[in-house]
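Peer 1: So that you have it, the file is input06.cif, and it contains mmCIF, C-alpha atoms and all ligand atoms:
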```cif
data_structure
#
loop_
_atom_site.label_atom_id
_atom_site.label_comp_id
_atom_site.auth_asym_id
_atom_site.auth_seq_id
_atom_site.Cartn_x
_atom_site.Cartn_y
_atom_site.Cartn_z
CA MET A 6 -6.16 84.75 144.47
CA ALA A 7 -6.09 87.58 141.92
CA GLY A 8 -8.14 87.08 138.73
CA PRO A 9 -6.79 87.37 135.19
CA ASP A 10 -5.09 90.69 134.37
CA PRO A 11 -7.40 92.59 131.94
CA ASP A 12 -4.34 94.32 130.40
CA ALA A 13 -2.52 91.05 129.72
CA PRO A 14 -1.83 90.35 126.03
CA GLY A 15 -3.57 86.95 126.34
CA PRO A 16 -3.98 84.00 128.70
CA LEU A 17 -0.91 83.43 130.90
CA ILE A 18 0.46 79.98 130.08
CA GLY A 19 3.88 80.05 131.72
CA ARG A 20 5.80 81.88 134.38
CA GLY A 21 9.51 81.49 135.14
CA ARG A 22 11.76 83.37 137.53
CA ALA A 23 12.28 86.21 135.03
CA ALA A 24 9.44 86.22 132.51
CA ASP A 25 5.72 85.71 131.93
CA VAL A 26 4.54 83.86 128.83
CA TYR A 27 1.16 84.60 127.23
CA ASP A 28 -0.72 82.81 124.47
CA VAL A 29 -1.41 85.47 121.84
CA GLY A 30 -3.22 83.14 119.39
CA GLY A 31 -2.25 81.82 115.97
CA GLY A 32 0.17 79.31 117.48
CA ARG A 33 2.29 82.09 119.01
CA VAL A 34 3.28 83.16 122.52
CA LEU A 35 4.57 86.45 123.86
CA ARG A 36 7.34 86.13 126.41
CA ARG A 37 7.59 89.29 128.52
CA TYR A 38 10.38 90.00 130.99
CA ARG A 39 9.23 91.45 134.28
CA THR A 40 12.22 93.82 134.08
CA ASP A 41 13.32 96.11 131.24
CA GLN A 42 15.78 93.55 129.90
CA PRO A 43 15.94 93.88 126.09
CA CYS A 44 15.51 90.72 123.95
CA GLU A 45 17.06 91.77 120.64
CA PHE A 46 20.18 89.68 121.18
CA GLU A 47 18.15 86.66 122.33
CA PHE A 48 16.04 87.01 119.18
CA ALA A 49 19.16 87.02 116.96
CA VAL A 50 20.65 84.03 118.77
CA MET A 51 17.45 82.00 118.35
CA ARG A 52 17.31 82.88 114.65
CA ALA A 53 20.94 81.83 114.15
CA LEU A 54 20.52 78.56 116.04
CA ARG A 55 17.37 77.64 114.17
CA ALA A 56 19.13 78.37 110.87
CA ALA A 57 21.90 76.02 112.02
CA GLY A 58 19.33 73.24 112.57
CA TYR A 59 19.29 73.38 116.36
CA PRO A 60 15.83 72.81 117.95
CA VAL A 61 14.63 76.23 119.20
CA PRO A 62 11.19 77.87 118.80
CA GLU A 63 10.75 79.98 115.68
CA VAL A 64 10.87 83.69 116.58
CA PHE A 65 8.72 86.33 114.90
CA GLU A 66 8.98 89.74 116.56
CA VAL A 67 10.95 91.50 119.24
CA SER A 68 10.44 94.78 121.06
CA GLY A 69 12.34 95.60 124.25
CA PRO A 70 11.39 92.98 126.87
CA ASP A 71 8.80 91.33 124.58
CA LEU A 72 9.56 88.41 122.29
CA VAL A 73 6.93 86.74 120.08
CA MET A 74 7.69 83.13 119.19
CA GLU A 75 6.16 79.85 118.18
CA ARG A 76 4.04 78.19 120.86
CA LEU A 77 5.57 74.83 121.76
CA GLU A 78 3.08 72.05 122.38
CA GLY A 79 4.20 69.61 125.01
CA ARG A 80 5.44 69.48 128.58
CA THR A 81 8.72 70.62 130.02
CA MET A 82 11.27 67.88 130.61
CA LEU A 83 11.06 68.67 134.34
CA ASP A 84 7.29 68.00 134.30
CA VAL A 85 7.78 64.75 132.42
CA LEU A 86 10.51 63.73 134.87
CA GLY A 87 8.22 64.50 137.83
CA SER A 88 5.35 62.43 136.52
CA ALA A 89 7.39 59.60 134.99
CA PRO A 90 10.57 59.30 137.10
CA TRP A 91 11.33 55.89 135.61
CA ARG A 92 12.19 57.79 132.41
CA ALA A 93 15.06 59.64 134.16
CA GLY A 94 17.77 57.76 132.24
CA SER A 95 16.38 58.35 128.76
CA LEU A 96 15.47 61.99 129.51
CA ALA A 97 19.00 62.60 130.85
CA ARG A 98 20.45 61.19 127.64
CA GLN A 99 18.17 63.48 125.60
CA LEU A 100 19.40 66.47 127.60
CA ALA A 101 23.03 65.40 127.14
CA ASP A 102 22.41 65.09 123.39
CA LEU A 103 21.10 68.68 123.32
CA HIS A 104 24.33 69.80 125.04
CA VAL A 105 26.53 67.88 122.61
CA ARG A 106 24.66 69.23 119.57
CA LEU A 107 24.84 72.81 120.84
CA GLY A 108 28.60 72.41 121.28
CA GLU A 109 28.81 71.47 117.59
CA VAL A 110 26.93 74.53 116.29
CA ARG A 111 29.11 77.00 114.42
CA VAL A 112 27.74 80.55 114.34
CA GLU A 113 28.97 83.83 113.00
CA ARG A 114 31.08 85.12 115.86
CA GLY A 115 30.36 88.80 115.47
CA ARG A 116 31.51 91.17 118.13
CA SER A 117 28.00 91.33 119.57
CA TRP A 118 28.40 87.94 121.32
CA PRO A 119 29.20 88.22 125.01
CA ARG A 120 32.06 85.93 126.06
CA ARG A 121 31.38 84.76 129.55
CA PHE A 122 33.92 82.42 131.16
CA ALA A 123 36.28 82.90 128.23
CA GLY A 124 40.00 82.55 128.84
CA ALA A 125 42.79 83.86 126.63
CA ASP A 126 42.86 81.25 123.88
CA GLU A 127 40.10 78.81 124.67
CA PRO A 128 38.03 77.48 121.77
CA LEU A 129 34.61 79.03 122.28
CA CYS A 130 31.21 77.40 121.72
CA VAL A 131 27.66 78.68 121.96
CA ALA A 132 26.47 78.20 125.54
CA HIS A 133 22.89 78.56 126.79
CA LEU A 134 23.93 78.83 130.46
CA ASP A 135 20.55 77.55 131.70
CA LEU A 136 20.20 74.29 129.75
CA HIS A 137 18.34 72.25 132.39
CA PRO A 138 15.09 70.21 132.24
CA ASP A 139 12.86 73.23 133.00
CA ASN A 140 14.00 74.99 129.80
CA VAL A 141 13.37 72.04 127.48
CA MET A 142 9.94 71.29 126.01
CA VAL A 143 9.34 67.66 125.15
CA THR A 144 7.23 67.81 121.97
CA ASP A 145 6.06 65.18 119.47
CA ALA A 146 8.83 66.38 117.16
CA GLY A 147 11.50 65.93 119.85
CA PRO A 148 12.94 68.14 122.61
CA VAL A 149 13.10 71.91 121.97
CA VAL A 150 15.23 74.36 123.99
CA PHE A 151 13.83 77.76 125.04
CA ASP A 152 14.82 80.61 127.42
CA TRP A 153 17.99 81.81 125.64
CA SER A 154 18.34 85.01 127.68
CA ASN A 155 21.83 84.14 128.95
CA ALA A 156 23.29 82.82 125.68
CA THR A 157 26.99 83.52 125.28
CA LEU A 158 30.22 82.19 123.83
CA ALA A 159 32.10 80.11 126.37
CA PRO A 160 34.65 77.29 126.58
CA ALA A 161 33.47 73.80 125.53
CA GLY A 162 31.75 72.06 128.43
CA THR A 163 30.50 75.24 130.11
CA ASP A 164 26.85 74.25 129.75
CA VAL A 165 27.50 70.74 131.10
CA ALA A 166 29.20 72.20 134.15
CA MET A 167 26.48 74.85 134.57
CA THR A 168 23.67 72.28 134.37
CA TRP A 169 25.43 70.07 136.91
CA VAL A 170 25.91 73.05 139.27
CA LEU A 171 22.29 74.17 138.81
CA MET A 172 20.79 70.74 139.31
CA SER A 173 23.02 69.95 142.28
CA THR A 174 22.19 73.15 144.13
CA SER A 175 18.74 74.36 143.01
CA GLU A 176 15.53 74.26 144.99
CA VAL A 177 12.86 72.23 143.23
CA ASP A 178 9.33 73.03 144.23
CA VAL A 179 8.01 69.62 145.38
CA PRO A 180 6.06 68.64 148.51
CA ARG A 181 8.24 67.70 151.51
CA TRP A 182 7.12 64.04 151.56
CA ILE A 183 8.31 63.49 148.02
CA ARG A 184 11.77 65.06 148.49
CA PRO A 185 13.74 61.84 149.24
CA VAL A 186 12.37 60.27 146.06
CA ALA A 187 12.99 63.48 144.11
CA GLY A 188 16.59 63.52 145.41
CA PHE A 189 17.11 59.94 144.27
CA VAL A 190 15.67 60.63 140.81
CA ARG A 191 17.79 63.76 140.46
CA ALA A 192 20.97 61.87 141.42
CA ARG A 193 20.19 59.14 138.86
CA PHE A 194 19.39 61.79 136.22
CA LEU A 195 22.64 63.68 136.89
CA ALA A 196 24.81 60.56 136.80
CA GLU A 197 23.29 59.49 133.49
CA PHE A 198 23.51 63.04 132.11
CA LEU A 199 27.21 63.38 132.96
CA ALA A 200 28.03 59.95 131.55
CA ALA A 201 26.30 60.75 128.25
CA ALA A 202 27.72 64.30 128.05
CA GLY A 203 31.33 63.17 128.48
CA GLY A 204 31.76 63.93 132.20
CA LEU A 205 32.27 67.06 134.26
CA PRO A 206 34.70 69.57 132.71
CA ASP A 207 37.78 70.69 134.60
CA ARG A 208 37.43 71.99 138.16
CA ALA A 209 38.62 75.49 137.39
CA LEU A 210 35.71 76.01 135.01
CA VAL A 211 33.21 74.51 137.45
CA HIS A 212 34.55 76.81 140.17
CA ARG A 213 34.21 79.89 137.93
CA ILE A 214 30.61 78.88 137.24
CA VAL A 215 29.80 78.48 140.93
CA GLU A 216 31.20 81.96 141.59
CA HIS A 217 29.24 83.39 138.65
CA ARG A 218 26.05 81.77 139.91
CA LEU A 219 26.54 83.47 143.27
CA THR A 220 26.24 86.84 141.52
CA ASP A 221 22.80 85.98 140.05
CA PRO A 222 20.04 88.00 141.81
CA ASN A 223 17.51 85.21 141.09
CA VAL A 224 19.40 82.69 143.24
CA LEU A 225 17.36 81.82 146.35
CA PRO A 226 18.98 82.00 149.84
CA ALA A 227 19.02 78.19 150.31
CA GLU A 228 20.64 77.81 146.89
CA ALA A 229 23.26 80.45 147.72
CA THR A 230 24.14 78.50 150.86
CA ARG A 231 24.66 75.30 148.84
CA LEU A 232 26.70 77.21 146.24
CA ARG A 233 28.93 78.69 148.93
CA GLU A 234 29.46 75.21 150.43
CA LEU A 235 30.37 73.86 146.99
CA SER A 236 32.70 76.80 146.40
CA ALA A 237 34.43 76.22 149.75
CA ARG A 238 34.86 72.49 148.99
CA MET A 239 36.37 73.38 145.62
CA ALA A 240 38.68 76.02 147.07
CA ALA A 241 39.90 73.41 149.59
CA ASN A 242 40.40 70.92 146.74
CA GLY A 243 37.86 68.62 148.39
CA PRO A 244 35.73 66.07 146.54
CA ILE A 245 32.82 67.52 144.63
CA GLY A 246 31.52 64.20 143.31
CA ALA A 247 28.96 63.70 140.59
CA ASP A 248 26.26 64.31 143.16
CA SER A 249 26.70 66.85 145.92
CA SER A 250 23.00 67.60 146.11
CA GLY A 251 22.78 66.18 149.66
N1 LIG A 301 7.60 78.99 123.18
C1 LIG A 301 6.90 78.54 124.22
N2 LIG A 301 5.79 77.77 124.04
C2 LIG A 301 5.06 77.33 125.09
N3 LIG A 301 5.37 77.58 126.38
C3 LIG A 301 6.47 78.31 126.63
C4 LIG A 301 7.29 78.84 125.58
N4 LIG A 301 8.30 79.54 126.13
C5 LIG A 301 8.12 79.45 127.47
N5 LIG A 301 7.04 78.72 127.78
C6 LIG A 301 6.51 78.43 129.13
O1 LIG A 301 6.76 79.54 129.97
C7 LIG A 301 7.60 79.17 131.08
C8 LIG A 301 8.58 80.29 131.39
O2 LIG A 301 9.37 80.56 130.24
P1 LIG A 301 10.94 80.86 130.31
O3 LIG A 301 11.33 81.37 128.96
O4 LIG A 301 11.67 79.66 130.79
O5 LIG A 301 11.02 82.03 131.39
P2 LIG A 301 12.07 82.31 132.60
O6 LIG A 301 13.23 83.00 131.97
O7 LIG A 301 11.33 83.21 133.52
O8 LIG A 301 12.46 80.98 133.17
C9 LIG A 301 8.24 77.86 130.64
O9 LIG A 301 8.53 77.01 131.73
C10 LIG A 301 7.21 77.24 129.73
O10 LIG A 301 6.27 76.49 130.49
MG MG A 302 13.15 79.27 132.19
#
```
Any chance you could put this one into structure tokens?
Ligand SMILES: Nc1ncnc2c1ncn2[C@@H]1O[C@H](COP(=O)(O)OP(=O)(O)O)[C@@H](O)[C@H]1O
Ligand SMILES: [Mg+2]

Peer 2:
Amino acid sequence: MAGPDPDAPGPLIGRGRAADVYDVGGGRVLRRYRTDQPCEFEFAVMRALRAAGYPVPEVFEVSGPDLVMERLEGRTMLDVLGSAPWRAGSLARQLADLHVRLGEVRVERGRSWPRRFAGADEPLCVAHLDLHPDNVMVTDAGPVVFDWSNATLAPAGTDVAMTWVLMSTSEVDVPRWIRPVAGFVRARFLAEFLAAAGGLPDRALVHRIVEHRLTDPNVLPAEATRLRELSARMAANGPIGADSSG
């Protein structure tokens, strides 16, 4: 295994599909995209949400693909779920609450906001588009949402539908022997999440989200297969259920 990178801005403390996160000291982290994706919009969104009282990390500086923000102390909700699966119900309700609260945030709708999934006259809400347990830190002060790179304005319920699609079709990195248990926990989590979030939004929106997800270059081949199956079931007006994770 390779040793620590001597040019890194600090110890690597997190790594997602798109970014590396380094501890830069003083209670701050630097999140660096592995591509040239700029973060200025993400920075502005996080500022606006924090000002509106929504739980996001405080942001300090931005420069191209680098964003300096408050270091969150805790574990991701996915980690907590993996080590304490009996907490699935209460964690799912916490996640649903974060969705509901985000739907209630009113922000300045300047022209700079992208409007994914927007129809002609739909009421638009702030959507995170990746609001699943691996982007929530469970801290002593409550759950905090990070990874706002896809934030947009979208019809109410978009995030609920997106989270359901993501969690029903995504690969979770667990050993093979644990998969049946993990599948059971995920199904319980999703059922509780949907119940607390007010149910799955209309099928047309879910279908648009499945199609959008298929354009994401970070989607793994096995996930793309599941998404295509879900898309075909939806196109044929077949049942999608509250758990099609299989
Ligand atoms: N503000 C933060 N404080 C502490 N850890 C963080 C913070 N932001 C991200 N992380 C860690 O880094 C990981 C990857 O960050 P994330 O923003 O989700 O990147 P990606 O877009 O690649 O998924 C997270 O799972 C988390 O463990
Ligand atoms: Mg992430």

Peer 1: Please check which protein, DNA or RNA residues sit within 10 Å of ligand LIG 301 (chain A), counting all atoms listed in the file, and write them as a VMD selection string.

Peer 2: chain A and resid 17 to 28 32 to 39 61 to 64 72 to 84 135 138 to 142 149 to 155 223

Peer 1: Given all atoms listed in the file as the basis, pick out the residue of A:Thr168, A:Glu45, A:Ala93, A:Thr163 nearest to Trp118 of chain A.

Peer 2: A:Glu45

Peer 1: For a quick check of understanding, using only C-alpha atoms, which of A:Ala56, A:Ala227, A:Ala166, A:Ala159 has the smallest distance to Val211 of chain A?

Peer 2: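 Nearest candidate to Val211 of chain A out of A:Ala56, A:Ala227, A:Ala166, A:Ala159: A:Ala166.
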
Peer 1: Go through A:Gly69, A:His137, A:Leu86, A:Glu127 one by one, measure the shortest atom-to-atom distance of each to ligand MG 302 (chain A) using only C-alpha atoms and all ligand atoms, and give the residue with the smallest value.

Peer 2: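 Comparing A:Gly69, A:His137, A:Leu86, A:Glu127 against ligand MG 302 (chain A), the winner is A:His137.
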
Peer 1: For ligand MG 302 (chain A), which residue out of A:Ala89, A:Val105, A:His133, A:Gly94 is the nearest one, using all atoms listed in the file?

Peer 2: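 Of all the options, A:His133 lies closest to ligand MG 302 (chain A).
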
Peer 1: One decimal, in Å: what's the spacing between atom CA of Cys130 of chain A and atom CA of Met51 of chain A?

Peer 2: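 Between atom CA of Cys130 of chain A and atom CA of Met51 of chain A the gap works out to 14.9 Å.
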
Peer 1: Determine the nearest neighbour of ligand MG 302 (chain A) from the options A:Ala161, A:Leu134, A:Leu100, A:Glu234, counting only C-alpha atoms and all ligand atoms.

Peer 2: A:Leu134

Peer 1: What is the atom CA of Ala97 of chain A-atom CA of Pro119 of chain A distance in Å, reported with one decimal?

Peer 2: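 According to the coordinates, atom CA of Ala97 of chain A and atom CA of Pro119 of chain A are separated by 28.2 Å.
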
Peer 1: Between A:Val85, A:Leu225, A:Ala101, A:Met167, which is the closest to Arg213 of chain A once you count all atoms listed in the file?

Peer 2: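 Of A:Val85, A:Leu225, A:Ala101, A:Met167, the one nearest Arg213 of chain A is A:Met167, counting all atoms listed in the file.
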
Peer 1: Figure out the distance between atom CA of Ala49 of chain A and atom CA of Ala13 of chain A, please, to one decimal in Å.

Peer 2: 25.5 Å

Peer 1: For segment 174-180 of chain A, please output as a list in words all residues within 10 Å (counting all atoms listed in the file; exclusion window: fewer than 6 positions along the same chain).

Peer 2: Leu83, Gly87, Thr168, Ala187, Gly188, Val215, Val224, Leu225, Pro226, Ala227, Glu228, Ala229, Thr230, Arg231, Leu232, Arg233, Glu234, Leu235, Asp248, Ser249, Ser250 and Gly251 of chain A

Peer 1: Dig up all the protein and nucleic acid residues within 10 Å of (35.3, 79.0, 125.9) in the file frame, using only C-alpha atoms, and format them as an NGL selection string.

Peer 2: :A and (120-132 or 157-163 or 210)

Peer 1: Padding 3 Å on every side, please: axis-aligned box over the listed atoms of segment 152-165 of chain A, centre and edge lengths to one decimal in Å, as lines of an AutoDock Vina configuration file.

Peer 2:
```
center_x = 24.7
center_y = 77.9
center_z = 127.5
size_x = 25.8
size_y = 20.3
size_z = 13.3
```
